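Undergrad: As input, take model-v1.cif (mmCIF, N, CA and C atoms):
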data_run
loop_
_atom_site.label_atom_id
_atom_site.label_comp_id
_atom_site.auth_asym_id
_atom_site.auth_seq_id
_atom_site.Cartn_x
_atom_site.Cartn_y
_atom_site.Cartn_z
N MET A 5 25.18 13.83 8.86
CA MET A 5 24.18 14.21 9.84
C MET A 5 23.05 15.00 9.19
N ASN A 6 23.39 15.81 8.21
CA ASN A 6 22.39 16.61 7.53
C ASN A 6 21.36 15.74 6.81
N LYS A 7 21.82 14.62 6.23
CA LYS A 7 20.89 13.71 5.55
C LYS A 7 19.89 13.11 6.53
N ARG A 8 20.36 12.75 7.70
CA ARG A 8 19.46 12.19 8.73
C ARG A 8 18.41 13.21 9.13
N THR A 9 18.83 14.45 9.29
CA THR A 9 17.88 15.51 9.66
C THR A 9 16.84 15.69 8.56
N ASP A 10 17.30 15.68 7.30
CA ASP A 10 16.38 15.81 6.17
C ASP A 10 15.37 14.67 6.16
N LEU A 11 15.85 13.45 6.36
CA LEU A 11 14.96 12.29 6.38
C LEU A 11 13.95 12.39 7.51
N LEU A 12 14.42 12.80 8.66
CA LEU A 12 13.53 12.94 9.81
C LEU A 12 12.47 14.01 9.55
N ASN A 13 12.87 15.11 8.95
CA ASN A 13 11.92 16.17 8.63
C ASN A 13 10.88 15.69 7.62
N LYS A 14 11.31 14.92 6.63
CA LYS A 14 10.36 14.38 5.64
C LYS A 14 9.39 13.42 6.30
N TYR A 15 9.90 12.58 7.20
CA TYR A 15 9.03 11.64 7.91
C TYR A 15 8.01 12.40 8.76
N ASN A 16 8.48 13.39 9.50
CA ASN A 16 7.57 14.17 10.35
C ASN A 16 6.54 14.90 9.52
N ALA A 17 6.92 15.40 8.36
CA ALA A 17 5.97 16.09 7.48
C ALA A 17 4.89 15.12 7.03
N LYS A 18 5.28 13.89 6.69
CA LYS A 18 4.29 12.90 6.25
C LYS A 18 3.33 12.56 7.38
N THR A 19 3.84 12.40 8.58
CA THR A 19 2.95 12.04 9.68
C THR A 19 2.02 13.18 10.05
N GLU A 20 2.48 14.41 9.85
CA GLU A 20 1.62 15.55 10.15
C GLU A 20 0.54 15.74 9.09
N ILE A 21 0.84 15.38 7.85
CA ILE A 21 -0.14 15.52 6.77
C ILE A 21 -1.33 14.62 7.04
N GLY A 22 -1.04 13.44 7.53
CA GLY A 22 -2.12 12.52 7.87
C GLY A 22 -2.83 11.99 6.64
N GLY A 23 -4.13 12.11 6.63
CA GLY A 23 -4.90 11.58 5.53
C GLY A 23 -5.36 10.18 5.82
N ALA A 24 -6.02 9.62 4.85
CA ALA A 24 -6.55 8.26 5.01
C ALA A 24 -5.40 7.26 4.99
N PRO A 25 -5.51 6.21 5.77
CA PRO A 25 -4.45 5.20 5.79
C PRO A 25 -4.38 4.42 4.48
N SER A 26 -3.18 4.08 4.10
CA SER A 26 -2.95 3.30 2.88
C SER A 26 -2.79 1.82 3.24
N ILE A 27 -2.65 1.00 2.23
CA ILE A 27 -2.39 -0.43 2.44
C ILE A 27 -1.10 -0.60 3.24
N ASN A 28 -0.07 0.16 2.89
CA ASN A 28 1.19 0.04 3.62
C ASN A 28 1.05 0.49 5.08
N ASP A 29 0.20 1.48 5.33
CA ASP A 29 -0.05 1.88 6.72
C ASP A 29 -0.72 0.74 7.49
N LEU A 30 -1.66 0.06 6.82
CA LEU A 30 -2.33 -1.08 7.48
C LEU A 30 -1.34 -2.20 7.75
N ARG A 31 -0.44 -2.45 6.80
CA ARG A 31 0.57 -3.51 7.00
C ARG A 31 1.47 -3.17 8.19
N GLU A 32 1.84 -1.91 8.29
CA GLU A 32 2.68 -1.49 9.41
C GLU A 32 1.95 -1.70 10.73
N SER A 33 0.68 -1.36 10.75
CA SER A 33 -0.12 -1.57 11.97
C SER A 33 -0.21 -3.06 12.29
N GLU A 34 -0.42 -3.86 11.26
CA GLU A 34 -0.53 -5.31 11.46
C GLU A 34 0.77 -5.89 12.01
N PHE A 35 1.91 -5.45 11.47
CA PHE A 35 3.20 -5.93 11.93
C PHE A 35 3.50 -5.47 13.35
N SER A 36 2.88 -4.37 13.76
CA SER A 36 3.06 -3.86 15.12
C SER A 36 2.04 -4.45 16.08
N ASN A 37 1.32 -5.46 15.62
CA ASN A 37 0.29 -6.14 16.42
C ASN A 37 -0.83 -5.23 16.88
N GLU A 38 -1.11 -4.21 16.09
CA GLU A 38 -2.25 -3.35 16.38
C GLU A 38 -3.48 -4.00 15.74
N PRO A 39 -4.61 -3.96 16.40
CA PRO A 39 -5.80 -4.60 15.84
C PRO A 39 -6.31 -3.85 14.60
N LEU A 40 -6.76 -4.62 13.61
CA LEU A 40 -7.34 -4.06 12.40
C LEU A 40 -8.83 -4.37 12.37
N THR A 41 -9.59 -3.48 11.76
CA THR A 41 -11.02 -3.72 11.61
C THR A 41 -11.23 -4.76 10.51
N ALA A 42 -12.43 -5.26 10.43
CA ALA A 42 -12.77 -6.24 9.38
C ALA A 42 -12.59 -5.62 8.00
N LYS A 43 -12.97 -4.36 7.83
CA LYS A 43 -12.81 -3.67 6.55
C LYS A 43 -11.33 -3.55 6.19
N GLU A 44 -10.51 -3.23 7.15
CA GLU A 44 -9.07 -3.09 6.89
C GLU A 44 -8.45 -4.43 6.50
N LYS A 45 -8.84 -5.48 7.19
CA LYS A 45 -8.34 -6.82 6.84
C LYS A 45 -8.79 -7.22 5.43
N GLN A 46 -10.04 -6.92 5.10
CA GLN A 46 -10.55 -7.24 3.77
C GLN A 46 -9.81 -6.47 2.69
N ALA A 47 -9.49 -5.22 2.96
CA ALA A 47 -8.74 -4.41 1.99
C ALA A 47 -7.36 -5.01 1.75
N LEU A 48 -6.71 -5.50 2.79
CA LEU A 48 -5.41 -6.15 2.63
C LEU A 48 -5.52 -7.41 1.77
N VAL A 49 -6.53 -8.21 2.05
CA VAL A 49 -6.75 -9.45 1.27
C VAL A 49 -7.02 -9.10 -0.19
N ASN A 50 -7.89 -8.12 -0.42
CA ASN A 50 -8.22 -7.72 -1.79
C ASN A 50 -7.00 -7.20 -2.53
N PHE A 51 -6.21 -6.36 -1.86
CA PHE A 51 -5.02 -5.82 -2.52
C PHE A 51 -4.05 -6.93 -2.87
N ASP A 52 -3.80 -7.84 -1.94
CA ASP A 52 -2.86 -8.93 -2.21
C ASP A 52 -3.32 -9.79 -3.38
N ARG A 53 -4.59 -10.10 -3.40
CA ARG A 53 -5.14 -10.90 -4.50
C ARG A 53 -5.02 -10.15 -5.83
N TYR A 54 -5.38 -8.87 -5.82
CA TYR A 54 -5.29 -8.03 -7.01
C TYR A 54 -3.84 -7.94 -7.49
N ARG A 55 -2.91 -7.71 -6.57
CA ARG A 55 -1.49 -7.59 -6.92
C ARG A 55 -0.97 -8.86 -7.58
N ILE A 56 -1.30 -10.00 -7.01
CA ILE A 56 -0.83 -11.28 -7.58
C ILE A 56 -1.41 -11.49 -8.97
N ASN A 57 -2.70 -11.24 -9.13
CA ASN A 57 -3.32 -11.41 -10.45
C ASN A 57 -2.72 -10.47 -11.47
N GLU A 58 -2.49 -9.23 -11.07
CA GLU A 58 -1.90 -8.25 -11.99
C GLU A 58 -0.50 -8.66 -12.40
N LEU A 59 0.31 -9.05 -11.45
CA LEU A 59 1.69 -9.42 -11.76
C LEU A 59 1.76 -10.69 -12.59
N ASN A 60 0.89 -11.64 -12.30
CA ASN A 60 0.89 -12.89 -13.08
C ASN A 60 0.41 -12.69 -14.51
N SER A 61 -0.31 -11.62 -14.76
CA SER A 61 -0.85 -11.39 -16.11
C SER A 61 0.10 -10.60 -17.01
N GLN A 62 1.24 -10.21 -16.50
CA GLN A 62 2.17 -9.40 -17.30
C GLN A 62 2.90 -10.30 -18.31
N PRO A 63 3.01 -9.83 -19.56
CA PRO A 63 3.55 -10.67 -20.62
C PRO A 63 5.06 -10.85 -20.61
N ASP A 64 5.80 -9.91 -20.01
CA ASP A 64 7.26 -10.03 -20.02
C ASP A 64 7.85 -9.34 -18.80
N ASP A 65 9.16 -9.46 -18.66
CA ASP A 65 9.83 -8.90 -17.48
C ASP A 65 9.70 -7.39 -17.38
N MET A 66 9.80 -6.71 -18.50
CA MET A 66 9.70 -5.24 -18.48
C MET A 66 8.33 -4.80 -17.98
N ALA A 67 7.30 -5.42 -18.50
CA ALA A 67 5.93 -5.09 -18.08
C ALA A 67 5.72 -5.45 -16.61
N PHE A 68 6.29 -6.59 -16.21
CA PHE A 68 6.17 -7.02 -14.81
C PHE A 68 6.76 -5.98 -13.87
N HIS A 69 7.98 -5.53 -14.16
CA HIS A 69 8.65 -4.58 -13.27
C HIS A 69 7.95 -3.22 -13.27
N LYS A 70 7.44 -2.82 -14.42
CA LYS A 70 6.70 -1.56 -14.48
C LYS A 70 5.44 -1.64 -13.62
N ARG A 71 4.70 -2.74 -13.78
CA ARG A 71 3.46 -2.91 -13.01
C ARG A 71 3.77 -3.06 -11.53
N TYR A 72 4.86 -3.73 -11.19
CA TYR A 72 5.27 -3.90 -9.80
C TYR A 72 5.47 -2.54 -9.14
N ARG A 73 6.17 -1.64 -9.84
CA ARG A 73 6.39 -0.30 -9.29
C ARG A 73 5.08 0.47 -9.14
N GLU A 74 4.20 0.32 -10.11
CA GLU A 74 2.89 0.98 -10.02
C GLU A 74 2.10 0.48 -8.81
N LEU A 75 2.15 -0.82 -8.58
CA LEU A 75 1.44 -1.39 -7.44
C LEU A 75 2.04 -0.94 -6.11
N GLN A 76 3.36 -0.73 -6.09
CA GLN A 76 3.99 -0.20 -4.88
C GLN A 76 3.47 1.20 -4.57
N VAL A 77 3.33 2.01 -5.61
CA VAL A 77 2.80 3.36 -5.42
C VAL A 77 1.36 3.29 -4.92
N MET A 78 0.58 2.41 -5.52
CA MET A 78 -0.82 2.26 -5.09
C MET A 78 -0.89 1.88 -3.62
N ALA A 79 -0.06 0.94 -3.21
CA ALA A 79 -0.08 0.48 -1.81
C ALA A 79 0.34 1.58 -0.85
N ASN A 80 1.16 2.48 -1.32
CA ASN A 80 1.66 3.53 -0.45
C ASN A 80 0.79 4.79 -0.46
N MET A 81 0.13 5.06 -1.57
CA MET A 81 -0.55 6.35 -1.72
C MET A 81 -2.08 6.28 -1.68
N TYR A 82 -2.66 5.18 -2.14
CA TYR A 82 -4.12 5.11 -2.21
C TYR A 82 -4.73 4.87 -0.84
N ASP A 83 -5.88 5.45 -0.64
CA ASP A 83 -6.69 5.19 0.54
C ASP A 83 -7.04 3.70 0.53
N TYR A 84 -6.89 3.03 1.65
CA TYR A 84 -7.16 1.58 1.67
C TYR A 84 -8.58 1.26 1.25
N GLU A 85 -9.51 2.19 1.43
CA GLU A 85 -10.91 1.93 1.08
C GLU A 85 -11.11 1.76 -0.42
N GLU A 86 -10.14 2.22 -1.21
CA GLU A 86 -10.18 1.99 -2.66
C GLU A 86 -10.26 0.48 -2.94
N PHE A 87 -9.58 -0.30 -2.12
CA PHE A 87 -9.49 -1.74 -2.35
C PHE A 87 -10.68 -2.50 -1.76
N LEU A 88 -11.67 -1.77 -1.31
CA LEU A 88 -12.93 -2.38 -0.88
C LEU A 88 -13.97 -2.30 -1.99
N LYS A 89 -13.61 -1.67 -3.09
CA LYS A 89 -14.53 -1.56 -4.22
C LYS A 89 -14.67 -2.91 -4.91
N GLU A 90 -15.78 -3.09 -5.57
CA GLU A 90 -16.12 -4.38 -6.18
C GLU A 90 -15.07 -4.90 -7.17
N LYS A 91 -14.44 -4.00 -7.91
CA LYS A 91 -13.46 -4.45 -8.92
C LYS A 91 -12.25 -5.14 -8.31
N TYR A 92 -12.01 -4.97 -7.02
CA TYR A 92 -10.88 -5.62 -6.36
C TYR A 92 -11.27 -6.94 -5.69
N PHE A 93 -12.55 -7.29 -5.73
CA PHE A 93 -13.00 -8.58 -5.22
C PHE A 93 -12.93 -9.58 -6.37
N ILE A 94 -11.74 -10.01 -6.67
CA ILE A 94 -11.53 -10.88 -7.84
C ILE A 94 -11.78 -12.32 -7.45
#
Just dump the structure as structure tokens.

TA:
Amino acid sequence: MNKRTDLLNKYNAKTEIGGAPSINDLRESEFSNEPLTAKEKQALVNFDRYRINELNSQPDDMAFHKRYRELQVMANMYDYEEFLKEKYFI
């Protein structure tokens, strides 16, 4: 029971911190059938395209898995507007 309370407290702390929405926040909204703006949809498209290109360019399994974890962090922590920058329009 204590673990559940700890998890709930961590979740509540994250929701209270707020901040700019991440790619994962947008995905959650999309899966909940909440409407997304055109900019938010474009950020999702750009991130997906960038992720695929990055993963396909890795030379071996070790590099692939390392980059995969890095991309997971990016999707969870970066402001979605980061993926509206020109370098992500591949």

Undergrad: Evaluate the PyMOL selection byres ((chain A and resi 24) around 7) and record the selected residues as a PyMOL selection string, following the chain and residue labels used in the document.

TA: chain A and resi 22-23+25-26+82-84

Undergrad: Give me, as JSON, numbers by chain, all polymer residues having an atom no more than 12 Å from Arg55 (chain A), counting only C-alpha atoms and skipping those fewer than 2 positions away in the same chain.

TA: {"A": [27, 47, 48, 49, 50, 51, 52, 53, 57, 58, 59, 60, 61, 62, 68, 71, 72, 73, 74, 75, 76, 77, 78, 79, 87, 92, 93, 94]}

Undergrad: In Å, with one decimal, what is the gap from CA of Asn28 (chain A) to CA of Asn80 (chain A)?

TA: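 Those two atoms sit 5.4 Å apart.
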
Undergrad: As an exercise, work out the distance from CA of Lys89 (chain A) to atom N of Ala42 (chain A) in Å and give it to one decimal place.

TA: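 We find that CA of Lys89 (chain A) and atom N of Ala42 (chain A) lie 15.3 Å from each other.
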
Undergrad: Could you pull out all residues of chain A with a DSSP call of helix (DSSP H, G or I) and give them as a tab-separated table (two decimals) with N, CA and C atoms, in the frame of the given file?

TA:
chain	number	residue	atom	x	y	z
A	6	ASN	N	23.39	15.81	8.21
A	6	ASN	CA	22.39	16.61	7.53
A	6	ASN	C	21.36	15.74	6.81
A	7	LYS	N	21.82	14.62	6.23
A	7	LYS	CA	20.89	13.71	5.55
A	7	LYS	C	19.89	13.11	6.53
A	8	ARG	N	20.36	12.75	7.70
A	8	ARG	CA	19.46	12.19	8.73
A	8	ARG	C	18.41	13.21	9.13
A	9	THR	N	18.83	14.45	9.29
A	9	THR	CA	17.88	15.51	9.66
A	9	THR	C	16.84	15.69	8.56
A	10	ASP	N	17.30	15.68	7.30
A	10	ASP	CA	16.38	15.81	6.17
A	10	ASP	C	15.37	14.67	6.16
A	11	LEU	N	15.85	13.45	6.36
A	11	LEU	CA	14.96	12.29	6.38
A	11	LEU	C	13.95	12.39	7.51
A	12	LEU	N	14.42	12.80	8.66
A	12	LEU	CA	13.53	12.94	9.81
A	12	LEU	C	12.47	14.01	9.55
A	13	ASN	N	12.87	15.11	8.95
A	13	ASN	CA	11.92	16.17	8.63
A	13	ASN	C	10.88	15.69	7.62
A	14	LYS	N	11.31	14.92	6.63
A	14	LYS	CA	10.36	14.38	5.64
A	14	LYS	C	9.39	13.42	6.30
A	15	TYR	N	9.90	12.58	7.20
A	15	TYR	CA	9.03	11.64	7.91
A	15	TYR	C	8.01	12.40	8.76
A	16	ASN	N	8.48	13.39	9.50
A	16	ASN	CA	7.57	14.17	10.35
A	16	ASN	C	6.54	14.90	9.52
A	17	ALA	N	6.92	15.40	8.36
A	17	ALA	CA	5.97	16.09	7.48
A	17	ALA	C	4.89	15.12	7.03
A	18	LYS	N	5.28	13.89	6.69
A	18	LYS	CA	4.29	12.90	6.25
A	18	LYS	C	3.33	12.56	7.38
A	19	THR	N	3.84	12.40	8.58
A	19	THR	CA	2.95	12.04	9.68
A	19	THR	C	2.02	13.18	10.05
A	20	GLU	N	2.48	14.41	9.85
A	20	GLU	CA	1.62	15.55	10.15
A	20	GLU	C	0.54	15.74	9.09
A	21	ILE	N	0.84	15.38	7.85
A	21	ILE	CA	-0.14	15.52	6.77
A	21	ILE	C	-1.33	14.62	7.04
A	27	ILE	N	-2.65	1.00	2.23
A	27	ILE	CA	-2.39	-0.43	2.44
A	27	ILE	C	-1.10	-0.60	3.24
A	28	ASN	N	-0.07	0.16	2.89
A	28	ASN	CA	1.19	0.04	3.62
A	28	ASN	C	1.05	0.49	5.08
A	29	ASP	N	0.20	1.48	5.33
A	29	ASP	CA	-0.05	1.88	6.72
A	29	ASP	C	-0.72	0.74	7.49
A	30	LEU	N	-1.66	0.06	6.82
A	30	LEU	CA	-2.33	-1.08	7.48
A	30	LEU	C	-1.34	-2.20	7.75
A	31	ARG	N	-0.44	-2.45	6.80
A	31	ARG	CA	0.57	-3.51	7.00
A	31	ARG	C	1.47	-3.17	8.19
A	32	GLU	N	1.84	-1.91	8.29
A	32	GLU	CA	2.68	-1.49	9.41
A	32	GLU	C	1.95	-1.70	10.73
A	33	SER	N	0.68	-1.36	10.75
A	33	SER	CA	-0.12	-1.57	11.97
A	33	SER	C	-0.21	-3.06	12.29
A	34	GLU	N	-0.42	-3.86	11.26
A	34	GLU	CA	-0.53	-5.31	11.46
A	34	GLU	C	0.77	-5.89	12.01
A	35	PHE	N	1.91	-5.45	11.47
A	35	PHE	CA	3.20	-5.93	11.93
A	35	PHE	C	3.50	-5.47	13.35
A	42	ALA	N	-12.43	-5.26	10.43
A	42	ALA	CA	-12.77	-6.24	9.38
A	42	ALA	C	-12.59	-5.62	8.00
A	43	LYS	N	-12.97	-4.36	7.83
A	43	LYS	CA	-12.81	-3.67	6.55
A	43	LYS	C	-11.33	-3.55	6.19
A	44	GLU	N	-10.51	-3.23	7.15
A	44	GLU	CA	-9.07	-3.09	6.89
A	44	GLU	C	-8.45	-4.43	6.50
A	45	LYS	N	-8.84	-5.48	7.19
A	45	LYS	CA	-8.34	-6.82	6.84
A	45	LYS	C	-8.79	-7.22	5.43
A	46	GLN	N	-10.04	-6.92	5.10
A	46	GLN	CA	-10.55	-7.24	3.77
A	46	GLN	C	-9.81	-6.47	2.69
A	47	ALA	N	-9.49	-5.22	2.96
A	47	ALA	CA	-8.74	-4.41	1.99
A	47	ALA	C	-7.36	-5.01	1.75
A	48	LEU	N	-6.71	-5.50	2.79
A	48	LEU	CA	-5.41	-6.15	2.63
A	48	LEU	C	-5.52	-7.41	1.77
A	49	VAL	N	-6.53	-8.21	2.05
A	49	VAL	CA	-6.75	-9.45	1.27
A	49	VAL	C	-7.02	-9.10	-0.19
A	50	ASN	N	-7.89	-8.12	-0.42
A	50	ASN	CA	-8.22	-7.72	-1.79
A	50	ASN	C	-7.00	-7.20	-2.53
A	51	PHE	N	-6.21	-6.36	-1.86
A	51	PHE	CA	-5.02	-5.82	-2.52
A	51	PHE	C	-4.05	-6.93	-2.87
A	52	ASP	N	-3.80	-7.84	-1.94
A	52	ASP	CA	-2.86	-8.93	-2.21
A	52	ASP	C	-3.32	-9.79	-3.38
A	53	ARG	N	-4.59	-10.10	-3.40
A	53	ARG	CA	-5.14	-10.90	-4.50
A	53	ARG	C	-5.02	-10.15	-5.83
A	54	TYR	N	-5.38	-8.87	-5.82
A	54	TYR	CA	-5.29	-8.03	-7.01
A	54	TYR	C	-3.84	-7.94	-7.49
A	55	ARG	N	-2.91	-7.71	-6.57
A	55	ARG	CA	-1.49	-7.59	-6.92
A	55	ARG	C	-0.97	-8.86	-7.58
A	56	ILE	N	-1.30	-10.00	-7.01
A	56	ILE	CA	-0.83	-11.28	-7.58
A	56	ILE	C	-1.41	-11.49	-8.97
A	57	ASN	N	-2.70	-11.24	-9.13
A	57	ASN	CA	-3.32	-11.41	-10.45
A	57	ASN	C	-2.72	-10.47	-11.47
A	58	GLU	N	-2.49	-9.23	-11.07
A	58	GLU	CA	-1.90	-8.25	-11.99
A	58	GLU	C	-0.50	-8.66	-12.40
A	59	LEU	N	0.31	-9.05	-11.45
A	59	LEU	CA	1.69	-9.42	-11.76
A	59	LEU	C	1.76	-10.69	-12.59
A	60	ASN	N	0.89	-11.64	-12.30
A	60	ASN	CA	0.89	-12.89	-13.08
A	60	ASN	C	0.41	-12.69	-14.51
A	65	ASP	N	9.16	-9.46	-18.66
A	65	ASP	CA	9.83	-8.90	-17.48
A	65	ASP	C	9.70	-7.39	-17.38
A	66	MET	N	9.80	-6.71	-18.50
A	66	MET	CA	9.70	-5.24	-18.48
A	66	MET	C	8.33	-4.80	-17.98
A	67	ALA	N	7.30	-5.42	-18.50
A	67	ALA	CA	5.93	-5.09	-18.08
A	67	ALA	C	5.72	-5.45	-16.61
A	68	PHE	N	6.29	-6.59	-16.21
A	68	PHE	CA	6.17	-7.02	-14.81
A	68	PHE	C	6.76	-5.98	-13.87
A	69	HIS	N	7.98	-5.53	-14.16
A	69	HIS	CA	8.65	-4.58	-13.27
A	69	HIS	C	7.95	-3.22	-13.27
A	70	LYS	N	7.44	-2.82	-14.42
A	70	LYS	CA	6.70	-1.56	-14.48
A	70	LYS	C	5.44	-1.64	-13.62
A	71	ARG	N	4.70	-2.74	-13.78
A	71	ARG	CA	3.46	-2.91	-13.01
A	71	ARG	C	3.77	-3.06	-11.53
A	72	TYR	N	4.86	-3.73	-11.19
A	72	TYR	CA	5.27	-3.90	-9.80
A	72	TYR	C	5.47	-2.54	-9.14
A	73	ARG	N	6.17	-1.64	-9.84
A	73	ARG	CA	6.39	-0.30	-9.29
A	73	ARG	C	5.08	0.47	-9.14
A	74	GLU	N	4.20	0.32	-10.11
A	74	GLU	CA	2.89	0.98	-10.02
A	74	GLU	C	2.10	0.48	-8.81
A	75	LEU	N	2.15	-0.82	-8.58
A	75	LEU	CA	1.44	-1.39	-7.44
A	75	LEU	C	2.04	-0.94	-6.11
A	76	GLN	N	3.36	-0.73	-6.09
A	76	GLN	CA	3.99	-0.20	-4.88
A	76	GLN	C	3.47	1.20	-4.57
A	77	VAL	N	3.33	2.01	-5.61
A	77	VAL	CA	2.80	3.36	-5.42
A	77	VAL	C	1.36	3.29	-4.92
A	78	MET	N	0.58	2.41	-5.52
A	78	MET	CA	-0.82	2.26	-5.09
A	78	MET	C	-0.89	1.88	-3.62
A	79	ALA	N	-0.06	0.94	-3.21
A	79	ALA	CA	-0.08	0.48	-1.81
A	79	ALA	C	0.34	1.58	-0.85
A	80	ASN	N	1.16	2.48	-1.32
A	80	ASN	CA	1.66	3.53	-0.45
A	80	ASN	C	0.79	4.79	-0.46
A	81	MET	N	0.13	5.06	-1.57
A	81	MET	CA	-0.55	6.35	-1.72
A	81	MET	C	-2.08	6.28	-1.68
A	84	TYR	N	-6.89	3.03	1.65
A	84	TYR	CA	-7.16	1.58	1.67
A	84	TYR	C	-8.58	1.26	1.25
A	85	GLU	N	-9.51	2.19	1.43
A	85	GLU	CA	-10.91	1.93	1.08
A	85	GLU	C	-11.11	1.76	-0.42
A	86	GLU	N	-10.14	2.22	-1.21
A	86	GLU	CA	-10.18	1.99	-2.66
A	86	GLU	C	-10.26	0.48	-2.94
A	87	PHE	N	-9.58	-0.30	-2.12
A	87	PHE	CA	-9.49	-1.74	-2.35
A	87	PHE	C	-10.68	-2.50	-1.76
A	88	LEU	N	-11.67	-1.77	-1.31
A	88	LEU	CA	-12.93	-2.38	-0.88
A	88	LEU	C	-13.97	-2.30	-1.99
A	90	GLU	N	-15.78	-3.09	-5.57
A	90	GLU	CA	-16.12	-4.38	-6.18
A	90	GLU	C	-15.07	-4.90	-7.17
A	91	LYS	N	-14.44	-4.00	-7.91
A	91	LYS	CA	-13.46	-4.45	-8.92
A	91	LYS	C	-12.25	-5.14	-8.31
A	92	TYR	N	-12.01	-4.97	-7.02
A	92	TYR	CA	-10.88	-5.62	-6.36
A	92	TYR	C	-11.27	-6.94	-5.69
